[in-house]
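To be precise, the following lines are data_12.txt, and they hold compact mmCIF, C-alpha atoms and all ligand atoms.
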```txt
# COMPACT_ATOMS: atom_id res chain seq x y z
CA MET A 29 -33.41 -295.31 -114.83
CA THR A 30 -31.06 -295.90 -117.76
CA ALA A 31 -27.28 -295.71 -117.36
CA ALA A 32 -27.29 -292.33 -119.09
CA THR A 33 -29.53 -290.78 -116.44
CA LEU A 34 -27.75 -292.23 -113.40
CA PRO A 35 -25.83 -289.59 -111.43
CA PRO A 36 -22.04 -289.92 -111.75
CA VAL A 37 -20.26 -291.76 -108.92
CA LEU A 38 -17.49 -289.17 -109.04
CA SER A 39 -18.08 -285.60 -110.12
CA LEU A 40 -15.58 -282.73 -110.19
CA LYS A 41 -16.84 -279.19 -110.65
CA ASN A 42 -14.35 -276.44 -111.40
CA ILE A 43 -11.74 -277.78 -109.03
CA VAL A 44 -8.71 -275.63 -108.27
CA SER A 45 -5.71 -276.82 -106.26
CA GLY A 46 -1.97 -276.36 -106.10
CA TYR A 47 1.04 -275.86 -103.91
CA GLY A 48 2.22 -272.70 -102.11
CA GLY A 49 1.38 -269.62 -104.15
CA LEU A 50 0.75 -271.59 -107.34
CA ASP A 51 -2.50 -273.03 -108.68
CA ILE A 52 -1.76 -276.23 -110.65
CA LEU A 53 -5.36 -277.28 -111.42
CA LYS A 54 -7.19 -274.29 -112.83
CA GLY A 55 -10.85 -275.26 -112.83
CA ILE A 56 -11.30 -278.91 -113.82
CA SER A 57 -14.75 -280.40 -114.32
CA LEU A 58 -15.38 -284.01 -115.19
CA ASP A 59 -17.75 -286.84 -114.35
CA VAL A 60 -17.11 -290.56 -113.98
CA GLY A 61 -20.14 -292.88 -114.18
CA ALA A 62 -20.48 -296.19 -112.32
CA GLY A 63 -18.29 -298.81 -114.01
CA GLU A 64 -16.87 -296.28 -116.43
CA PHE A 65 -13.18 -296.14 -117.41
CA VAL A 66 -12.07 -292.54 -117.76
CA THR A 67 -8.51 -291.48 -118.55
CA VAL A 68 -6.81 -288.12 -118.24
CA VAL A 69 -3.80 -287.75 -120.52
CA GLY A 70 -1.30 -284.95 -120.65
CA PRO A 71 2.39 -284.18 -120.67
CA ASN A 72 4.63 -284.41 -117.59
CA GLY A 73 4.16 -281.78 -114.96
CA HIS A 74 0.77 -280.50 -116.11
CA GLY A 75 -1.13 -281.68 -113.05
CA LYS A 76 -2.22 -285.30 -113.60
CA SER A 77 -0.90 -286.58 -110.26
CA THR A 78 -2.14 -283.43 -108.54
CA LEU A 79 -5.62 -284.18 -109.91
CA LEU A 80 -5.72 -287.65 -108.31
CA LYS A 81 -4.17 -286.37 -105.06
CA THR A 82 -6.79 -283.62 -104.87
CA ILE A 83 -9.62 -286.13 -105.32
CA SER A 84 -8.21 -288.41 -102.61
CA GLY A 85 -7.71 -285.46 -100.25
CA LEU A 86 -3.90 -285.47 -100.17
CA VAL A 87 -3.74 -282.01 -101.77
CA PRO A 88 -6.30 -279.51 -100.41
CA LEU A 89 -9.05 -278.24 -102.67
CA ARG A 90 -8.86 -274.44 -103.11
CA ALA A 91 -12.09 -273.94 -105.04
CA GLY A 92 -14.79 -275.99 -106.73
CA SER A 93 -16.32 -279.20 -105.45
CA ILE A 94 -15.87 -282.97 -105.48
CA SER A 95 -18.89 -285.23 -105.10
CA ILE A 96 -19.08 -288.97 -104.62
CA ASP A 97 -22.46 -290.59 -105.30
CA GLY A 98 -23.95 -287.10 -105.49
CA THR A 99 -22.71 -286.00 -102.04
CA GLU A 100 -20.05 -283.31 -101.74
CA VAL A 101 -16.99 -284.58 -99.86
CA THR A 102 -14.76 -282.63 -97.52
CA GLY A 103 -11.56 -283.99 -99.02
CA LYS A 104 -10.06 -285.54 -95.88
CA PRO A 105 -8.15 -288.66 -97.08
CA HIS A 106 -9.80 -291.12 -94.65
CA THR A 107 -13.27 -289.75 -95.49
CA VAL A 108 -12.68 -290.16 -99.20
CA ALA A 109 -11.20 -293.66 -98.73
CA GLY A 110 -14.17 -294.58 -96.52
CA LEU A 111 -16.49 -293.68 -99.41
CA GLY A 112 -14.81 -296.29 -101.58
CA VAL A 113 -12.12 -294.33 -103.39
CA ALA A 114 -8.75 -296.15 -103.61
CA HIS A 115 -5.68 -294.28 -104.81
CA VAL A 116 -2.89 -296.26 -106.49
CA PRO A 117 -0.08 -293.70 -106.40
CA GLN A 118 2.71 -293.20 -108.90
CA GLY A 119 5.87 -295.14 -108.04
CA ASP A 120 4.12 -297.82 -105.91
CA MET A 121 4.94 -296.31 -102.47
CA LEU A 122 5.28 -299.74 -100.89
CA PHE A 123 6.88 -300.21 -97.48
CA PRO A 124 10.19 -301.69 -98.72
CA GLU A 125 11.07 -303.76 -95.64
CA MET A 126 7.62 -305.30 -95.29
CA SER A 127 6.41 -308.42 -97.07
CA VAL A 128 3.88 -308.35 -99.90
CA LEU A 129 1.20 -309.57 -97.50
CA GLU A 130 2.03 -306.91 -94.90
CA ASN A 131 1.88 -304.23 -97.60
CA LEU A 132 -1.49 -305.54 -98.77
CA LEU A 133 -2.84 -305.53 -95.22
CA MET A 134 -1.80 -301.88 -94.83
CA GLY A 135 -4.32 -301.10 -97.58
CA ALA A 136 -7.14 -302.58 -95.49
CA TYR A 137 -6.70 -300.24 -92.52
CA LEU A 138 -10.32 -299.07 -92.74
CA ALA A 139 -11.83 -302.53 -93.30
CA PRO A 140 -14.62 -303.40 -90.83
CA GLY A 141 -13.20 -306.73 -89.63
CA LYS A 142 -11.10 -309.83 -90.28
CA ALA A 143 -13.73 -311.58 -92.42
CA GLU A 144 -13.83 -308.61 -94.80
CA ILE A 145 -10.02 -308.40 -94.88
CA ASP A 146 -9.84 -312.13 -95.77
CA ARG A 147 -12.49 -311.65 -98.48
CA ARG A 148 -10.52 -308.79 -100.04
CA LEU A 149 -7.27 -310.74 -99.79
CA ASP A 150 -8.86 -313.70 -101.60
CA GLU A 151 -10.11 -311.35 -104.31
CA VAL A 152 -6.65 -309.76 -104.74
CA TYR A 153 -4.92 -313.15 -104.88
CA THR A 154 -7.44 -314.41 -107.45
CA LEU A 155 -6.94 -311.38 -109.64
CA LEU A 156 -3.18 -311.14 -109.09
CA PRO A 157 -2.00 -314.72 -108.45
CA LYS A 158 1.63 -313.63 -108.55
CA LEU A 159 1.07 -311.72 -105.31
CA SER A 160 -0.17 -314.90 -103.68
CA ASP A 161 2.96 -316.78 -104.79
CA ARG A 162 5.12 -314.01 -103.37
CA ARG A 163 3.11 -313.10 -100.29
CA HIS A 164 6.05 -313.58 -97.90
CA GLN A 165 8.65 -311.89 -100.11
CA ILE A 166 10.05 -308.53 -98.92
CA ALA A 167 8.74 -305.72 -101.12
CA SER A 168 12.18 -304.23 -101.87
CA THR A 169 13.20 -307.48 -103.60
CA LEU A 170 10.24 -307.53 -106.05
CA SER A 171 10.70 -306.75 -109.75
CA GLY A 172 9.29 -303.46 -111.07
CA GLY A 173 6.21 -305.18 -112.51
CA GLU A 174 5.57 -307.15 -109.31
CA ARG A 175 5.88 -303.94 -107.29
CA ARG A 176 3.30 -302.25 -109.52
CA MET A 177 0.97 -305.21 -109.07
CA ALA A 178 1.45 -305.02 -105.30
CA GLY A 179 0.59 -301.30 -105.46
CA ILE A 180 -2.61 -302.11 -107.36
CA GLY A 181 -3.35 -304.95 -104.93
CA ARG A 182 -2.97 -302.63 -101.96
CA GLY A 183 -5.42 -300.20 -103.62
CA LEU A 184 -7.90 -303.07 -104.00
CA MET A 185 -7.43 -303.96 -100.33
CA MET A 186 -8.90 -300.54 -99.53
CA GLY A 187 -12.16 -302.01 -100.79
CA GLY A 188 -12.45 -299.26 -103.35
CA ARG A 189 -15.22 -299.20 -105.90
CA ILE A 190 -13.56 -296.22 -107.53
CA LEU A 191 -9.91 -296.67 -108.41
CA LEU A 192 -7.64 -293.67 -109.04
CA ILE A 193 -4.60 -295.05 -110.85
CA ASP A 194 -1.53 -292.86 -111.42
CA GLU A 195 0.61 -293.71 -114.48
CA PRO A 196 0.74 -297.47 -114.05
CA SER A 197 3.22 -297.86 -116.91
CA LEU A 198 5.87 -295.56 -115.46
CA GLY A 199 9.36 -297.03 -115.64
CA LEU A 200 8.29 -300.49 -116.82
CA ALA A 201 9.38 -302.54 -119.85
CA PRO A 202 6.81 -302.84 -122.70
CA LEU A 203 5.91 -306.48 -121.94
CA ILE A 204 5.30 -305.69 -118.28
CA ILE A 205 3.23 -302.62 -119.20
CA GLU A 206 1.02 -304.95 -121.26
CA GLN A 207 0.57 -307.26 -118.26
CA ILE A 208 -0.29 -304.37 -115.94
CA TYR A 209 -2.84 -303.00 -118.40
CA GLY A 210 -4.23 -306.55 -118.73
CA VAL A 211 -4.92 -306.52 -114.97
CA ILE A 212 -6.50 -303.05 -115.20
CA ALA A 213 -8.70 -304.28 -118.07
CA GLU A 214 -9.86 -307.19 -115.85
CA LEU A 215 -10.72 -304.76 -113.05
CA SER A 216 -12.72 -302.68 -115.49
CA LYS A 217 -14.55 -305.73 -116.86
CA ALA A 218 -15.36 -306.79 -113.30
CA GLY A 219 -17.21 -303.48 -112.89
CA ARG A 220 -14.72 -301.28 -111.04
CA THR A 221 -14.99 -297.57 -111.81
CA ILE A 222 -11.60 -296.30 -112.96
CA LEU A 223 -10.06 -292.86 -113.29
CA LEU A 224 -6.54 -293.30 -114.62
CA VAL A 225 -3.88 -290.77 -115.57
CA GLU A 226 -1.38 -291.58 -118.29
CA GLU A 227 1.00 -289.81 -120.62
CA ASN A 228 0.36 -291.99 -123.64
CA PRO A 229 -3.23 -292.13 -125.01
CA ALA A 230 -2.43 -295.16 -127.19
CA ARG A 231 -2.17 -297.32 -124.03
CA VAL A 232 -5.85 -296.86 -123.25
CA GLU A 233 -7.20 -296.82 -126.81
CA ASP A 234 -9.05 -300.12 -126.38
CA LEU A 235 -9.86 -299.65 -122.70
CA ALA A 236 -11.09 -296.18 -121.85
CA ASP A 237 -14.68 -295.09 -122.47
CA LYS A 238 -13.70 -291.45 -122.34
CA LEU A 239 -10.51 -289.48 -122.44
CA HIS A 240 -9.72 -285.95 -121.28
CA LEU A 241 -6.64 -284.07 -122.45
CA LEU A 242 -5.05 -281.98 -119.70
CA ASP A 243 -2.83 -279.04 -120.52
CA ASP A 244 -1.46 -276.62 -117.95
CA GLY A 245 -4.07 -277.59 -115.36
CA ALA A 246 -7.10 -277.34 -117.66
CA ILE A 247 -9.01 -279.81 -119.82
CA VAL A 248 -8.56 -278.79 -123.45
CA TRP A 249 -10.26 -281.71 -125.25
CA SER A 250 -12.57 -284.60 -124.31
CA GLY A 251 -13.81 -287.57 -126.31
CA PRO A 252 -13.22 -291.24 -127.10
CA PRO A 253 -9.51 -292.25 -127.21
CA ALA A 254 -9.67 -293.26 -130.89
CA ASP A 255 -10.85 -289.75 -131.79
CA LEU A 256 -7.87 -288.16 -130.07
CA LEU A 257 -5.46 -290.59 -131.70
CA ALA A 258 -6.88 -289.61 -135.08
CA ARG A 259 -6.26 -285.92 -134.40
CA GLU A 260 -2.62 -285.47 -135.36
CA GLU A 261 -2.65 -281.74 -134.76
CA LEU A 262 -3.83 -282.21 -131.15
CA LEU A 263 -1.25 -284.92 -130.51
CA ALA A 264 1.49 -282.68 -131.93
CA THR A 265 0.38 -279.58 -130.02
CA TYR A 266 -0.24 -281.14 -126.63
CA LEU A 267 1.65 -284.40 -126.49
CA GLY A 268 4.59 -283.65 -128.76
CA GLY A 269 3.83 -286.26 -131.35
N1 LIG B 301 4.48 -281.14 -103.30
C1 LIG B 301 4.66 -280.22 -104.26
N2 LIG B 301 5.09 -278.98 -103.96
C2 LIG B 301 5.25 -278.04 -104.93
N3 LIG B 301 5.01 -278.26 -106.25
C3 LIG B 301 4.60 -279.48 -106.60
C4 LIG B 301 4.39 -280.54 -105.64
N4 LIG B 301 3.98 -281.64 -106.30
C5 LIG B 301 3.93 -281.30 -107.62
N5 LIG B 301 4.28 -280.00 -107.79
C6 LIG B 301 4.34 -279.29 -109.07
O1 LIG B 301 3.03 -279.32 -109.65
C7 LIG B 301 3.13 -279.44 -111.06
C8 LIG B 301 2.26 -280.59 -111.52
O2 LIG B 301 2.82 -281.80 -111.00
P1 LIG B 301 2.09 -283.22 -111.19
O3 LIG B 301 2.95 -284.24 -110.50
O4 LIG B 301 0.68 -283.09 -110.80
O5 LIG B 301 2.17 -283.39 -112.76
P2 LIG B 301 1.96 -284.68 -113.66
O6 LIG B 301 1.19 -284.22 -114.84
O7 LIG B 301 1.43 -285.78 -112.86
O8 LIG B 301 3.43 -285.00 -114.11
P3 LIG B 301 4.27 -286.34 -113.94
O9 LIG B 301 3.69 -287.28 -114.93
O10 LIG B 301 5.66 -285.93 -114.28
O11 LIG B 301 4.12 -286.77 -112.51
C9 LIG B 301 4.59 -279.59 -111.40
O12 LIG B 301 5.08 -278.33 -111.81
C10 LIG B 301 5.22 -279.99 -110.09
O13 LIG B 301 6.55 -279.53 -109.95
```

Please go through the file and, once you have read it, give me the structure as C-alpha cells.
Amino acid sequence: MTAATLPPVLSLKNIVSGYGGLDILKGISLDVGAGEFVTVVGPNGHGKSTLLKTISGLVPLRAGSISIDGTEVTGKPHTVAGLGVAHVPQGDMLFPEMSVLENLLMGAYLAPGKAEIDRRLDEVYTLLPKLSDRRHQIASTLSGGERRMAGIGRGLMMGGRILLIDEPSLGLAPLIIEQIYGVIAELSKAGRTILLVEENPARVEDLADKLHLLDDGAIVWSGPPADLLAREELLATYLGG
C-alpha cells in the first residue's frame, strides 16, 4: 500500500463539542496520516485548545466521531493516552514544586514497566539534553523555554506516537520560540505524527505538511502553509493581517 492509501492514524468526522449550553466546535473533520505534521491555525478563542482537549478526551464529544488507527475511540482520557496520543497542553501545566525528573515521570503513568520508563527517559534526554542537565531542578525555577521543553518532554514520556501540541510559542521570546520549534522539527523528522495548534501560520511554514484555518469552531480553509501565507485576503479576514 502506498502512503496515500494508508488509513489516517487520527481521523475526526464532524466533531462537535463545547461547554455548558454553547457549542465551540461546530462540526470539524480532518485526517492526520502516520508521520504527518498537521497544523490548525486560527485567532484566539475560536476553539483551537478545545479541539485538542476534545481529541484527548478532556472535553466530551457531543456529536461526530474520533478514530485512532481506524477504530472509533470513546474519548476517555486514559483510553486515548493508552492508544498513543500525548497531549502537550498550553501553558506547560507542570507540577511547580516537583523536579524536572519527577514531572517527566508523571507523564509515564501508563508505561508498562521500569525498563520502558528508562527507555523513554533516555530518549527524552537525548532529544532535550537541557532537561537532563536540569533533571533535579524544581520546575517553578525553570525559565519559560525550559518549562516548555519539560512540557514537551512529559508528553514524550507518555510514549505517544501522536503528539497534540497546543501553542508551543505562547509567551516565549523569539529566540526561544525558534529553539522550541527546532525540537518539534526533530520530533517530526524522527517520524512522530503531530497535530499542532498555533496562532501564527508563518511559524510552521517550513514544517507543516498541511494547514487548516479554524474560524468560529469550523474549518474555513485547508492547504499547504505557503498557500495560506500567499493569500493576503484570507490572512486579513481571519487572522487580522
Ligand atoms: N472550561 C471552559 N468553560 C467554558 N468556556 C470555555 C472553557 N474553556 C474554553 N472556553 C471558551 O471556549 C472558547 C474557545 O476557547 P479555546 O481555548 O478553545 O480557544 P483557542 O482558539 O485555543 O484560544 P486561545 O489561543 O486563546 O487559547 C472561548 O470562547 C473560551 O472562552

Test item: residues lying within 6 Å of ligand LIG 301 (chain B) with only C-alpha atoms and all ligand atoms, as a PyMOL selection string: chain A and resi 47+52+71-78

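Straight-line separation from atom CA of A:Glu195 to atom CA of A:Gln118: 6.0 Å.
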
Contacts of A:Ala254 at 7 Å (only C-alpha atoms; same-chain gap of 3+ positions) as a PyMOL selection string: chain A and resi 233+257-258

Just write the chosen residues, C-alpha atoms, as a PDB file, keeping the file's coordinate frame.
```
ATOM      1  CA  GLU A 233      -7.200-296.820-126.810  1.00  0.00           C
ATOM      2  CA  LEU A 257      -5.460-290.590-131.700  1.00  0.00           C
ATOM      3  CA  ALA A 258      -6.880-289.610-135.080  1.00  0.00           C
TER       4      ALA A 258
END
```

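Between atom CA of A:Met185 and atom CA of A:Thr221 there is a distance of 15.2 Å.
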
Nearby residues (only C-alpha atoms) at most 12 Å from A:Val232, same-chain spacing under 2 positions excluded, as a PyMOL selection string: chain A and resi 65-69+195-197+205-206+208-210+212-213+216+222-230+234-240+252-254+256-257

Point-to-point distance in Å for atom CA of A:Met126 and atom CA of A:Gly199: 22.0 Å

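Using all atoms listed in the file, the smallest distance between any of A:Ala143, A:Ala136, A:Met177, A:Met186 and A:Val211 comes from A:Met177.
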
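For the choices A:Leu200, A:Val128, A:Ala91, A:Met134, the atom-to-atom distance to A:Ile56 is smallest for A:Ala91 when using all atoms listed in the file.
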
Selection: 7 Å around A:Leu40, only C-alpha atoms, excl. self and same-chain fewer than 2 positions, as a ChimeraX atom specification: /A:38,42-43,56-59,93-95

From A:Ala109, A:Ala114, A:Ile247, A:Leu241, residue lying nearest A:Leu267 [all atoms listed in the file]: A:Leu241

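Using all atoms listed in the file, the smallest distance between any of A:Glu214, A:Glu174, A:Glu130, A:Asp120 and A:Thr154 comes from A:Glu214.
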
Nearby residues, (-3.9, -296.9, -108.5) file frame, 8 Å, only C-alpha atoms, as a count of residues only: 14

Protein/DNA/RNA residues near (2.5, -310.5, -101.1), cut 10 Å, all atoms listed in the file, as a tab-separated table (two decimals) with C-alpha atoms, in the coordinates of the input:
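Done, and the output landed in out.tsv:
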```tsv
chain	number	residue	atom	x	y	z
A	126	MET	CA	7.62	-305.30	-95.29
A	127	SER	CA	6.41	-308.42	-97.07
A	128	VAL	CA	3.88	-308.35	-99.90
A	129	LEU	CA	1.20	-309.57	-97.50
A	130	GLU	CA	2.03	-306.91	-94.90
A	131	ASN	CA	1.88	-304.23	-97.60
A	132	LEU	CA	-1.49	-305.54	-98.77
A	133	LEU	CA	-2.84	-305.53	-95.22
A	149	LEU	CA	-7.27	-310.74	-99.79
A	152	VAL	CA	-6.65	-309.76	-104.74
A	153	TYR	CA	-4.92	-313.15	-104.88
A	156	LEU	CA	-3.18	-311.14	-109.09
A	157	PRO	CA	-2.00	-314.72	-108.45
A	158	LYS	CA	1.63	-313.63	-108.55
A	159	LEU	CA	1.07	-311.72	-105.31
A	160	SER	CA	-0.17	-314.90	-103.68
A	161	ASP	CA	2.96	-316.78	-104.79
A	162	ARG	CA	5.12	-314.01	-103.37
A	163	ARG	CA	3.11	-313.10	-100.29
A	164	HIS	CA	6.05	-313.58	-97.90
A	165	GLN	CA	8.65	-311.89	-100.11
A	166	ILE	CA	10.05	-308.53	-98.92
A	167	ALA	CA	8.74	-305.72	-101.12
A	170	LEU	CA	10.24	-307.53	-106.05
A	174	GLU	CA	5.57	-307.15	-109.31
A	175	ARG	CA	5.88	-303.94	-107.29
A	177	MET	CA	0.97	-305.21	-109.07
A	178	ALA	CA	1.45	-305.02	-105.30
A	181	GLY	CA	-3.35	-304.95	-104.93
A	182	ARG	CA	-2.97	-302.63	-101.96
```

Selection near A:Gly48, 12 Å with all atoms listed in the file, sequence-local residues under 2 positions removed, as a ChimeraX atom specification: /A:45-46,50-52,87-88,90

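Using all atoms listed in the file, the nearest neighbour of A:Leu242 within the list A:Leu111, A:Leu53, A:Leu86, A:Leu184 is A:Leu53.
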
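Between A:Leu262 and the candidates A:Leu198, A:Leu155, A:Val248, A:Ala218, the tightest atom-to-atom separation, counting all atoms listed in the file, involves A:Val248.
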